[in-house]
>>> print(open('model_38.txt').read())   # compact mmCIF, C-alpha atoms
# COMPACT_ATOMS: atom_id res chain seq x y z
CA GLY A 8 9.71 -26.56 26.32
CA ALA A 9 5.94 -26.40 25.85
CA ALA A 10 6.28 -26.92 22.09
CA GLY A 11 7.58 -30.42 22.75
CA THR A 12 4.21 -31.53 24.13
CA VAL A 13 2.42 -31.22 20.78
CA LYS A 14 3.05 -34.51 18.96
CA GLU A 15 0.25 -34.70 16.44
CA VAL A 16 -2.28 -32.35 14.85
CA SER A 17 -5.04 -32.82 12.30
CA LEU A 18 -6.40 -30.44 9.71
CA THR A 19 -9.23 -30.39 7.19
CA THR A 20 -8.84 -29.03 3.68
CA TYR A 21 -10.15 -29.37 0.12
CA GLY A 22 -10.37 -32.77 -1.61
CA VAL A 23 -7.55 -35.05 -2.70
CA GLY A 24 -6.07 -33.63 -5.93
CA SER A 25 -6.77 -30.00 -5.00
CA GLN A 26 -3.73 -27.73 -4.72
CA ALA A 27 -4.51 -27.13 -1.04
CA PHE A 28 -4.42 -30.87 -0.34
CA VAL A 29 -1.02 -31.11 -2.08
CA PHE A 30 0.49 -28.16 -0.26
CA SER A 31 -0.97 -29.26 3.10
CA ALA A 32 0.95 -32.49 2.60
CA GLY A 33 4.09 -30.50 1.72
CA ILE A 34 3.82 -28.44 4.91
CA ALA A 35 3.16 -31.62 6.93
CA GLU A 36 6.40 -33.14 5.65
CA GLY A 37 8.45 -30.05 6.56
CA VAL A 38 6.90 -29.78 10.03
CA MET A 39 7.56 -33.47 10.71
CA LYS A 40 11.24 -33.05 9.81
CA ALA A 41 11.70 -29.78 11.71
CA ALA A 42 9.70 -30.45 14.87
CA GLY A 43 8.63 -34.08 14.85
CA ILE A 44 4.95 -33.09 14.79
CA LYS A 45 2.79 -35.46 12.75
CA THR A 46 -0.01 -33.90 10.67
CA ARG A 47 -3.13 -35.79 9.68
CA VAL A 48 -4.66 -34.17 6.57
CA VAL A 49 -8.42 -34.79 6.26
CA PRO A 50 -10.04 -33.93 2.90
CA ALA A 51 -13.66 -32.70 3.14
CA GLY A 52 -16.24 -32.10 0.45
CA ASN A 53 -17.60 -28.66 1.25
CA ASP A 54 -16.97 -25.61 3.42
CA VAL A 55 -19.35 -26.64 6.20
CA GLY A 56 -17.78 -30.11 6.22
CA ARG A 57 -14.33 -28.53 6.53
CA MET A 58 -15.34 -26.10 9.30
CA LEU A 59 -17.60 -28.27 11.45
CA PRO A 60 -14.81 -30.52 12.84
CA LEU A 61 -12.69 -27.42 13.52
CA ARG A 62 -15.46 -25.71 15.47
CA ALA A 63 -16.14 -28.95 17.38
CA GLY A 64 -12.46 -29.27 18.29
CA GLU A 65 -12.17 -32.62 16.45
CA VAL A 66 -9.38 -31.18 14.31
CA ASP A 67 -6.90 -28.43 15.16
CA PHE A 68 -6.74 -26.54 11.86
CA CYS A 69 -8.32 -26.02 8.50
CA ILE A 70 -6.62 -24.84 5.30
CA VAL A 71 -9.02 -22.94 3.02
CA THR A 72 -9.10 -19.57 1.27
CA GLY A 73 -9.84 -16.19 2.76
CA ALA A 74 -13.20 -16.28 0.98
CA THR A 75 -14.34 -19.20 3.14
CA GLY A 76 -12.81 -17.58 6.22
CA TRP A 77 -14.81 -14.45 5.45
CA PHE A 78 -18.12 -16.34 5.05
CA VAL A 79 -17.50 -18.11 8.39
CA SER A 80 -16.47 -14.97 10.29
CA HIS A 81 -19.41 -12.98 8.91
CA GLY A 82 -22.03 -15.74 9.14
CA THR A 83 -22.94 -15.33 5.47
CA GLY A 84 -23.60 -17.78 2.60
CA ASP A 85 -23.65 -21.38 3.87
CA PHE A 86 -23.11 -20.05 7.40
CA ALA A 87 -26.13 -17.71 7.49
CA ASN A 88 -28.24 -20.14 9.51
CA PRO A 89 -29.14 -20.77 13.17
CA ALA A 90 -26.36 -23.36 13.61
CA TRP A 91 -23.70 -20.82 12.62
CA GLY A 92 -23.90 -17.05 12.30
CA PRO A 93 -20.66 -15.03 12.74
CA GLN A 94 -17.90 -17.22 14.23
CA PRO A 95 -14.64 -16.45 16.10
CA ILE A 96 -12.31 -17.89 13.47
CA ARG A 97 -8.58 -17.08 13.71
CA MET A 98 -5.58 -16.99 11.38
CA ALA A 99 -3.19 -19.75 12.47
CA TRP A 100 -0.92 -18.97 9.50
CA ARG A 101 -1.37 -16.37 6.81
CA GLY A 102 -0.42 -18.17 3.62
CA GLY A 103 0.25 -17.08 0.07
CA ASN A 104 -2.11 -15.00 -2.03
CA LEU A 105 -4.59 -16.59 -4.37
CA PHE A 106 -5.17 -14.48 -7.48
CA VAL A 107 -8.56 -14.76 -9.14
CA GLY A 108 -9.04 -13.37 -12.61
CA PHE A 109 -12.14 -12.58 -14.66
CA TYR A 110 -11.90 -13.69 -18.24
CA THR A 111 -13.40 -14.44 -21.62
CA ARG A 112 -12.03 -16.10 -24.75
CA GLY A 113 -9.32 -14.14 -26.53
CA ASP A 114 -11.16 -14.01 -29.85
CA GLU A 115 -14.38 -12.54 -28.42
CA ASP A 116 -14.87 -8.87 -29.21
CA ILE A 117 -15.02 -7.96 -25.50
CA LYS A 118 -12.29 -5.90 -23.90
CA LYS A 119 -14.06 -4.20 -20.97
CA LEU A 120 -16.34 -5.59 -18.28
CA SER A 121 -19.02 -3.08 -19.31
CA GLN A 122 -19.14 -4.77 -22.75
CA LEU A 123 -20.47 -8.00 -21.21
CA LYS A 124 -24.08 -6.74 -21.26
CA GLY A 125 -26.36 -9.42 -22.74
CA LYS A 126 -23.58 -12.04 -22.73
CA ARG A 127 -23.68 -15.47 -21.08
CA MET A 128 -22.29 -15.89 -17.56
CA GLY A 129 -21.54 -19.15 -15.72
CA TRP A 130 -23.44 -19.71 -12.44
CA VAL A 131 -22.73 -22.54 -9.98
CA PRO A 132 -25.57 -23.14 -7.46
CA GLY A 133 -24.34 -23.28 -3.86
CA SER A 134 -20.96 -21.67 -4.67
CA SER A 135 -21.43 -18.31 -2.96
CA ALA A 136 -17.81 -17.18 -3.33
CA ILE A 137 -17.58 -17.94 -7.06
CA ASN A 138 -20.95 -16.39 -7.92
CA ASN A 139 -20.32 -13.31 -5.78
CA LEU A 140 -16.93 -12.76 -7.42
CA ASN A 141 -18.66 -12.73 -10.82
CA LEU A 142 -21.34 -10.31 -9.55
CA GLY A 143 -18.59 -8.11 -8.10
CA ALA A 144 -16.76 -7.94 -11.42
CA LEU A 145 -20.00 -7.11 -13.23
CA ALA A 146 -20.67 -4.35 -10.66
CA PHE A 147 -17.14 -3.07 -11.36
CA GLY A 148 -18.25 -2.67 -14.99
CA GLY A 149 -21.58 -1.08 -13.98
CA LEU A 150 -23.65 -4.22 -14.68
CA THR A 151 -25.89 -6.52 -12.64
CA LYS A 152 -27.00 -10.15 -12.93
CA LYS A 153 -30.14 -8.91 -14.76
CA ASP A 154 -27.91 -7.63 -17.59
CA MET A 155 -26.63 -11.16 -18.24
CA VAL A 156 -27.85 -14.44 -19.66
CA VAL A 157 -27.25 -16.75 -16.69
CA VAL A 158 -26.13 -20.29 -17.56
CA THR A 159 -26.32 -22.71 -14.63
CA LEU A 160 -23.54 -25.29 -14.49
CA PRO A 161 -22.89 -28.15 -12.03
CA SER A 162 -19.41 -27.20 -10.81
CA HIS A 163 -16.60 -24.64 -10.93
CA GLY A 164 -14.58 -26.85 -13.27
CA ALA A 165 -17.56 -27.49 -15.55
CA ALA A 166 -18.28 -23.76 -15.83
CA ALA A 167 -14.69 -22.96 -16.80
CA LYS A 168 -14.74 -25.80 -19.35
CA ALA A 169 -17.96 -24.33 -20.78
CA LEU A 170 -16.10 -21.05 -21.33
CA THR A 171 -13.29 -22.78 -23.25
CA GLU A 172 -15.94 -24.51 -25.38
CA GLY A 173 -17.82 -21.24 -26.06
CA ALA A 174 -21.00 -22.17 -24.15
CA ILE A 175 -20.53 -19.11 -21.89
CA ASP A 176 -18.69 -15.80 -22.34
CA PHE A 177 -17.64 -14.81 -18.83
CA TYR A 178 -16.27 -16.50 -15.72
CA ASN A 179 -13.64 -16.33 -12.96
CA PHE A 180 -10.91 -18.73 -11.89
CA GLY A 181 -7.61 -18.88 -10.02
CA THR A 182 -5.22 -17.35 -12.56
CA THR A 183 -2.81 -20.32 -12.57
CA GLY A 184 -5.58 -22.96 -12.59
CA SER A 185 -5.64 -25.81 -15.10
CA ARG A 186 -8.92 -24.60 -16.66
CA PRO A 187 -7.67 -21.12 -17.71
CA MET A 188 -4.48 -22.85 -18.91
CA GLU A 189 -6.70 -24.93 -21.24
CA THR A 190 -8.52 -21.78 -22.42
CA ALA A 191 -5.20 -20.02 -23.09
CA ALA A 192 -3.89 -23.07 -25.00
CA SER A 193 -7.05 -23.39 -27.13
CA PRO A 194 -7.28 -21.83 -30.61
CA HIS A 195 -9.45 -19.07 -29.06
CA GLY A 196 -6.88 -17.99 -26.46
CA ILE A 197 -7.74 -16.16 -23.25
CA TYR A 198 -8.47 -12.53 -22.37
CA TRP A 199 -8.16 -11.36 -18.74
CA PHE A 200 -10.05 -8.21 -17.75
CA ASP A 201 -7.87 -5.51 -16.18
CA LEU A 202 -9.60 -3.90 -13.17
CA ASN A 203 -8.23 -0.36 -13.10
CA PRO A 204 -6.87 0.37 -9.58
CA ALA A 205 -7.48 4.10 -10.08
CA ASP A 206 -11.24 3.59 -10.41
CA LYS A 207 -12.01 3.68 -6.68
CA ALA A 208 -15.79 3.85 -7.15
CA ALA A 209 -15.75 0.69 -9.27
CA TRP A 210 -13.70 -1.11 -6.59
CA GLN A 211 -16.21 -0.07 -3.93
CA ARG A 212 -18.99 -1.60 -6.06
CA LEU A 213 -17.01 -4.83 -6.37
CA TYR A 214 -16.41 -4.96 -2.60
CA THR A 215 -20.14 -4.91 -1.85
CA TRP A 216 -20.31 -8.35 -3.53
CA ALA A 217 -16.83 -9.71 -2.72
CA PRO A 218 -15.72 -7.95 0.47
CA TRP A 219 -13.00 -10.53 1.21
CA THR A 220 -10.85 -9.42 -1.74
CA ALA A 221 -8.07 -6.87 -2.22
CA GLU A 222 -6.77 -5.27 -5.41
CA ALA A 223 -3.40 -6.40 -6.81
CA LEU A 224 -1.32 -6.71 -9.97
CA CYS A 225 -1.27 -10.30 -11.15
CA THR A 226 2.03 -11.54 -12.61
CA ARG A 227 1.35 -15.31 -12.60
CA TYR A 228 -1.41 -16.40 -14.94
CA ALA A 229 -2.44 -18.52 -17.92
CA GLY A 230 -1.44 -16.96 -21.24
CA LYS A 231 1.60 -15.08 -19.92
CA GLU A 232 3.86 -17.26 -22.08
CA LYS A 233 1.83 -16.03 -25.09
CA GLY A 234 2.71 -12.40 -24.37
CA ILE A 235 -0.38 -11.37 -22.38
CA LYS A 236 0.60 -8.46 -20.14
CA PRO A 237 0.10 -8.47 -16.32
CA PHE A 238 -3.32 -7.18 -15.23
CA HIS A 239 -5.00 -5.89 -12.07
CA THR A 240 -7.43 -8.23 -10.41
CA VAL A 241 -8.58 -9.49 -7.01
CA THR A 242 -6.49 -11.36 -4.50
CA TYR A 243 -7.06 -12.97 -1.12
CA PRO A 244 -4.92 -15.27 0.97
CA TYR A 245 -4.95 -18.99 1.45
CA ASN A 246 -4.80 -19.38 5.24
CA MET A 247 -4.47 -21.96 7.89
CA TRP A 248 -7.32 -21.37 10.36
CA ALA A 249 -8.02 -22.22 13.98
CA TRP A 250 -10.87 -21.34 16.34
CA ASP A 251 -10.45 -18.74 19.08
CA ARG A 252 -10.50 -21.60 21.62
CA THR A 253 -7.98 -23.85 19.83
CA PRO A 254 -5.24 -24.18 22.50
CA VAL A 255 -2.56 -21.47 22.28
CA GLU A 256 0.09 -24.15 22.83
CA THR A 257 -1.07 -26.14 19.77
CA VAL A 258 -1.21 -23.13 17.46
CA TYR A 259 2.09 -21.73 18.72
CA ALA A 260 3.89 -25.09 18.38
CA TYR A 261 2.65 -25.63 14.83
CA ALA A 262 3.28 -22.04 13.69
CA LYS A 263 6.80 -22.23 15.14
CA ALA A 264 7.37 -25.54 13.35
CA MET A 265 6.17 -23.96 10.07
CA TRP A 266 8.44 -20.98 10.65
CA ASP A 267 11.40 -23.29 11.25
CA SER A 268 10.65 -25.63 8.34
CA TYR A 269 10.00 -23.06 5.59
CA ASP A 270 13.19 -24.03 3.73
CA LEU A 271 12.08 -27.67 3.82
CA TYR A 272 8.55 -27.21 2.46
CA LYS A 273 8.90 -24.23 0.11
CA SER A 274 9.91 -26.40 -2.86
CA ARG A 275 7.05 -28.90 -2.39
CA HIS A 276 4.46 -26.94 -4.39
CA ALA A 277 4.45 -23.90 -6.70
CA GLU A 278 2.38 -21.99 -4.09
CA LEU A 279 4.46 -22.84 -1.01
CA PRO A 280 7.29 -20.31 -1.47
CA ASN A 281 4.58 -17.73 -0.60
CA TRP A 282 3.85 -19.40 2.76
CA ASN A 283 6.82 -17.48 4.12
CA HIS A 284 7.75 -15.43 7.19
CA GLU A 285 7.08 -12.14 5.44
CA ASN A 286 3.55 -13.07 4.36
CA LEU A 287 2.71 -14.25 7.87
CA ALA A 288 2.72 -10.57 8.90
CA ASN A 289 1.01 -9.34 5.71
CA ILE A 290 -2.52 -8.12 6.50
CA LYS A 291 -3.48 -7.08 2.95
CA GLY A 292 -6.83 -8.65 2.14
CA CYS A 293 -7.22 -9.98 5.71
CA LEU A 294 -10.27 -9.24 7.84
CA TYR A 295 -9.65 -11.77 10.60
CA PRO A 296 -7.75 -11.64 13.89
CA TYR A 297 -4.61 -13.71 14.38
CA HIS A 298 -4.79 -16.58 16.84
CA GLU A 299 -3.03 -15.82 20.15
CA GLY A 300 -0.52 -18.60 19.38
CA VAL A 301 0.59 -16.72 16.24
CA VAL A 302 0.69 -13.40 18.10
CA LYS A 303 3.03 -15.08 20.60
CA LEU A 304 5.31 -16.32 17.80
CA LEU A 305 5.39 -12.97 15.96
CA LYS A 306 6.21 -11.16 19.22
CA GLU A 307 9.00 -13.63 19.90
CA LYS A 308 10.43 -13.09 16.41
CA GLY A 309 10.26 -9.29 16.81
CA LYS A 310 7.72 -9.03 13.99
CA TRP A 311 4.68 -7.82 15.97
CA THR A 312 4.31 -4.11 15.17
CA PRO A 313 1.99 -1.33 16.41
CA GLU A 314 0.29 -1.62 12.99
CA LEU A 315 -0.42 -5.33 13.59
CA GLN A 316 -1.72 -4.62 17.10
CA LYS A 317 -4.08 -1.97 15.70
CA PHE A 318 -5.22 -4.43 13.01
CA GLN A 319 -5.81 -7.10 15.67
CA ASP A 320 -7.82 -4.75 17.90
CA THR A 321 -9.96 -3.63 14.94
CA GLN A 322 -10.71 -7.21 13.84
CA LEU A 323 -11.68 -8.29 17.36
CA ALA A 324 -13.93 -5.24 17.79
CA ASN A 325 -15.60 -5.88 14.41
CA GLU A 326 -16.15 -9.53 15.32
CA LYS A 327 -18.01 -8.52 18.47
CA LYS A 328 -20.09 -5.99 16.50
CA ARG A 329 -21.07 -8.69 13.99
CA MET A 330 -22.10 -11.09 16.75
CA ASP A 331 -24.21 -8.41 18.46
CA LEU A 332 -25.77 -7.45 15.13
CA TRP A 333 -26.58 -11.12 14.38
CA ALA A 334 -28.47 -11.44 17.69
CA LYS A 335 -30.50 -8.31 16.84
CA ALA A 336 -31.11 -9.43 13.25
CA LEU A 337 -32.38 -12.83 14.47
CA GLN A 338 -35.00 -11.10 16.64
CA GLU A 339 -36.00 -8.86 13.76
CA GLY A 340 -36.15 -11.79 11.31
CA LYS A 341 -38.33 -13.84 13.65
CA SER A 342 -40.71 -10.93 14.21
CA LYS A 343 -41.01 -10.70 10.40
CA LYS A 344 -41.76 -14.46 10.23
CA MET A 345 -38.62 -15.01 8.18
CA LYS A 346 -37.17 -18.51 7.89
CA ILE A 347 -33.64 -18.16 9.31
CA GLY A 348 -31.29 -19.65 6.72
CA SER A 349 -33.60 -19.04 3.74
CA GLU A 350 -32.50 -17.02 0.70
CA GLU A 351 -34.67 -14.14 1.97
CA TRP A 352 -32.85 -14.27 5.32
CA LYS A 353 -29.40 -14.46 3.66
CA SER A 354 -29.93 -11.25 1.71
CA PHE A 355 -31.58 -9.58 4.72
CA TRP A 356 -28.49 -10.39 6.86
CA TRP A 357 -26.06 -9.31 4.12
CA ASN A 358 -27.85 -5.96 3.88
CA ARG A 359 -27.72 -5.57 7.66
CA LEU A 360 -23.94 -6.05 7.58
CA LYS A 361 -23.67 -3.64 4.66
CA GLU A 362 -25.72 -0.91 6.41
CA ALA A 363 -23.61 -1.31 9.56
CA GLY A 364 -20.38 -0.99 7.56
CA LEU A 365 -19.35 -4.48 8.69
CA LEU A 366 -18.85 -6.28 5.39
CA ARG A 367 -15.18 -5.27 5.40
>>> encode(input="model_38.txt", output="structure tokens")
Amino acid sequence: GAAGTVKEVSLTTYGVGSQAFVFSAGIAEGVMKAAGIKTRVVPAGNDVGRMLPLRAGEVDFCIVTGATGWFVSHGTGDFANPAWGPQPIRMAWRGGNLFVGFYTRGDEDIKKLSQLKGKRMGWVPGSSAINNLNLGALAFGGLTKKDMVVVTLPSHGAAAKALTEGAIDFYNFGTTGSRPMETAASPHGIYWFDLNPADKAAWQRLYTWAPWTAEALCTRYAGKEKGIKPFHTVTYPYNMWAWDRTPVETVYAYAKAMWDSYDLYKSRHAELPNWNHENLANIKGCLYPYHEGVVKLLKEKGKWTPELQKFQDTQLANEKKRMDLWAKALQEGKSKKMKIGSEEWKSFWWNRLKEAGLLR
């Protein structure tokens, strides 16, 4: 059948050594065994470098988090410039959830986010997702960046290391990451903030900074072995992405191969059991349409529901609204002599999305 005509695909992802690079390789192995499709995994240094070849059609897919997918689809952060703006990015596979936790050292006398006032927070220039997550958590606790002592650090890893060493008091990280593991294992221990799911107003404040997240109970995290109880925090999926114009045949063939090879790749990485059939149809924390190739597969497997169709229609309608709004905002920005892509423009565009109810 048509699937047999796809022999090789390529995908971009995070650098060699990142968990995404490792699980991309695990998926590639399974897909090769199940369907004979070869996967070329191309590591790239930053989000624009990972997305550019996908948009240009030089690669078929990209594996990055839902945070990056959100920035691309909304034309925000690194994508709030004339070369980008809101893009028609599609889910080619909805992967497992990434849990991000907000934390401090266990021996600090801080148990609520609101108690962080006047404390030191890590800040990584150019890392919109990381910084916005921190601002979202502060907003959850009724605080702003002005309430904090901001400590600029060169990278995500360096900032988390600074927390372990006591150079900062507050940061965020993937809950199973090596850095929080080091904090938990240190003499100071780790303390994860619990974001009360009942406090709807606080969640709304968080979403104005980190709209790509959803609320969930985290049960896999650093310090669990030391008796730390599960806590509520933010989650968003790791996805495989395509462009709206990536051929349906390519996306369908690869998604089918992933569906068929789940039992082969699930043991290749701690995260891969979550790249399962059930999660493929899980729209929690997703604000992006599925690619037509995936819709075709889900329909074939009897998993496409009226709820998914409604979700799909909503996402496509919102995408069009964002693109129309971007065109209007560009005119407005130019008439105000704004430099498109500047910090002033980025916050102007973010506020436009917010006013239009299009952040989420």
>>> closest_residue(input="model_38.txt", among="A:Glu285, A:Tyr269, A:Leu120, A:Ile70", to="Phe200 in chain A", atoms="all atoms listed in the file")
A:Leu120
>>> residues_around(input="model_38.txt", residues="Leu105 in chain A", least_positions_apart="4", cutoff="7 Å", atoms="all atoms listed in the file", output="list in words")
Gly181, Thr242, Tyr243, Pro244 and Tyr245 of chain A
>>> closest_atom_pairs(input="model_38.txt", of="range 37-97 of chain A", to="range 272-283 of chain A", cutoff="12 Å", atoms="only C-alpha atoms", output="CSV")
residue,atom,partner,partner_atom,distance
A:Gly37,CA,A:Tyr272,CA,5.0
A:Val38,CA,A:Tyr272,CA,8.2
A:Met39,CA,A:Tyr272,CA,10.4
A:Lys40,CA,A:Tyr272,CA,9.8
A:Ala41,CA,A:Tyr272,CA,10.1
>>> residues_near_point(input="model_38.txt", point="(-13.5, -27.9, -22.1)", cutoff="12 Å", atoms="all atoms listed in the file", output="ChimeraX atom specification")
/A:164-175,185-193,195
>>> write_last_selection(input="model_38.txt", atoms="C-alpha atoms", output="mmCIF file, keeping the file's coordinate frame")
data_model
loop_
_atom_site.group_PDB
_atom_site.id
_atom_site.type_symbol
_atom_site.label_atom_id
_atom_site.label_comp_id
_atom_site.auth_asym_id
_atom_site.auth_seq_id
_atom_site.Cartn_x
_atom_site.Cartn_y
_atom_site.Cartn_z
ATOM 1 C CA GLY A 164 -14.580 -26.850 -13.270
ATOM 2 C CA ALA A 165 -17.560 -27.490 -15.550
ATOM 3 C CA ALA A 166 -18.280 -23.760 -15.830
ATOM 4 C CA ALA A 167 -14.690 -22.960 -16.800
ATOM 5 C CA LYS A 168 -14.740 -25.800 -19.350
ATOM 6 C CA ALA A 169 -17.960 -24.330 -20.780
ATOM 7 C CA LEU A 170 -16.100 -21.050 -21.330
ATOM 8 C CA THR A 171 -13.290 -22.780 -23.250
ATOM 9 C CA GLU A 172 -15.940 -24.510 -25.380
ATOM 10 C CA GLY A 173 -17.820 -21.240 -26.060
ATOM 11 C CA ALA A 174 -21.000 -22.170 -24.150
ATOM 12 C CA ILE A 175 -20.530 -19.110 -21.890
ATOM 13 C CA SER A 185 -5.640 -25.810 -15.100
ATOM 14 C CA ARG A 186 -8.920 -24.600 -16.660
ATOM 15 C CA PRO A 187 -7.670 -21.120 -17.710
ATOM 16 C CA MET A 188 -4.480 -22.850 -18.910
ATOM 17 C CA GLU A 189 -6.700 -24.930 -21.240
ATOM 18 C CA THR A 190 -8.520 -21.780 -22.420
ATOM 19 C CA ALA A 191 -5.200 -20.020 -23.090
ATOM 20 C CA ALA A 192 -3.890 -23.070 -25.000
ATOM 21 C CA SER A 193 -7.050 -23.390 -27.130
ATOM 22 C CA HIS A 195 -9.450 -19.070 -29.060
#
>>> residues_near_point(input="model_38.txt", point="(2.6, -18.4, 14.5)", cutoff="8 Å", atoms="all atoms listed in the file", output="list of chain:residue names")
A:Ala99, A:Trp100, A:Val258, A:Tyr259, A:Ala260, A:Tyr261, A:Ala262, A:Lys263, A:Met265, A:Trp266, A:Leu287, A:His298, A:Gly300, A:Val301, A:Val302, A:Lys303, A:Leu304, A:Leu305
>>> residues_around(input="model_38.txt", residues="Leu315 in chain A", least_positions_apart="4", cutoff="12 Å", atoms="all atoms listed in the file", output="JSON, numbers by chain")
{"A": [287, 288, 289, 290, 291, 293, 295, 296, 297, 301, 302, 305, 306, 309, 310, 311, 319, 320, 321, 322]}
>>> atom_distance(input="model_38.txt", atom1="CA of Glu350 in chain A", atom2="CA of Lys152 in chain A")
16.2 Å
>>> closest_residue(input="model_38.txt", among="A:Thr253, A:Asn203, A:Thr151, A:Asn246", to="Arg62 in chain A", atoms="all atoms listed in the file")
A:Thr253
>>> residues_around(input="model_38.txt", residues="Phe238 in chain A", least_positions_apart="6", cutoff="6 Å", atoms="all atoms listed in the file", output="ChimeraX atom specification")
/A:201,224-225
>>> closest_residue(input="model_38.txt", among="A:Asn88, A:Thr83, A:Lys153, A:Leu59", to="Gly340 in chain A", atoms="all atoms listed in the file")
A:Asn88
>>> closest_residue(input="model_38.txt", among="A:Gly103, A:Val241, A:Ala63, A:Leu271", to="Ala42 in chain A", atoms="all atoms listed in the file")
A:Leu271
>>> residues_around(input="model_38.txt", residues="Met155 in chain A", least_positions_apart="5", cutoff="8 Å", atoms="only C-alpha atoms", output="list in words")
Leu123, Lys124, Gly125, Lys126, Arg127 and Met128 of chain A
>>> write_last_selection(input="model_38.txt", atoms="C-alpha atoms", output="mmCIF file, in the frame of the given file")
data_model
loop_
_atom_site.group_PDB
_atom_site.id
_atom_site.type_symbol
_atom_site.label_atom_id
_atom_site.label_comp_id
_atom_site.auth_asym_id
_atom_site.auth_seq_id
_atom_site.Cartn_x
_atom_site.Cartn_y
_atom_site.Cartn_z
ATOM 1 C CA LEU A 123 -20.470 -8.000 -21.210
ATOM 2 C CA LYS A 124 -24.080 -6.740 -21.260
ATOM 3 C CA GLY A 125 -26.360 -9.420 -22.740
ATOM 4 C CA LYS A 126 -23.580 -12.040 -22.730
ATOM 5 C CA ARG A 127 -23.680 -15.470 -21.080
ATOM 6 C CA MET A 128 -22.290 -15.890 -17.560
#
>>> residues_around(input="model_38.txt", residues="Ala334 in chain A", least_positions_apart="4", cutoff="12 Å", atoms="only C-alpha atoms", output="VMD selection string")
chain A and resid 82 88 to 89 91 to 93 327 to 330 338 to 341 347 356 359
>>> atom_distance(input="model_38.txt", atom1="CA of Phe109 in chain A", atom2="CA of Gly196 in chain A")
14.0 Å
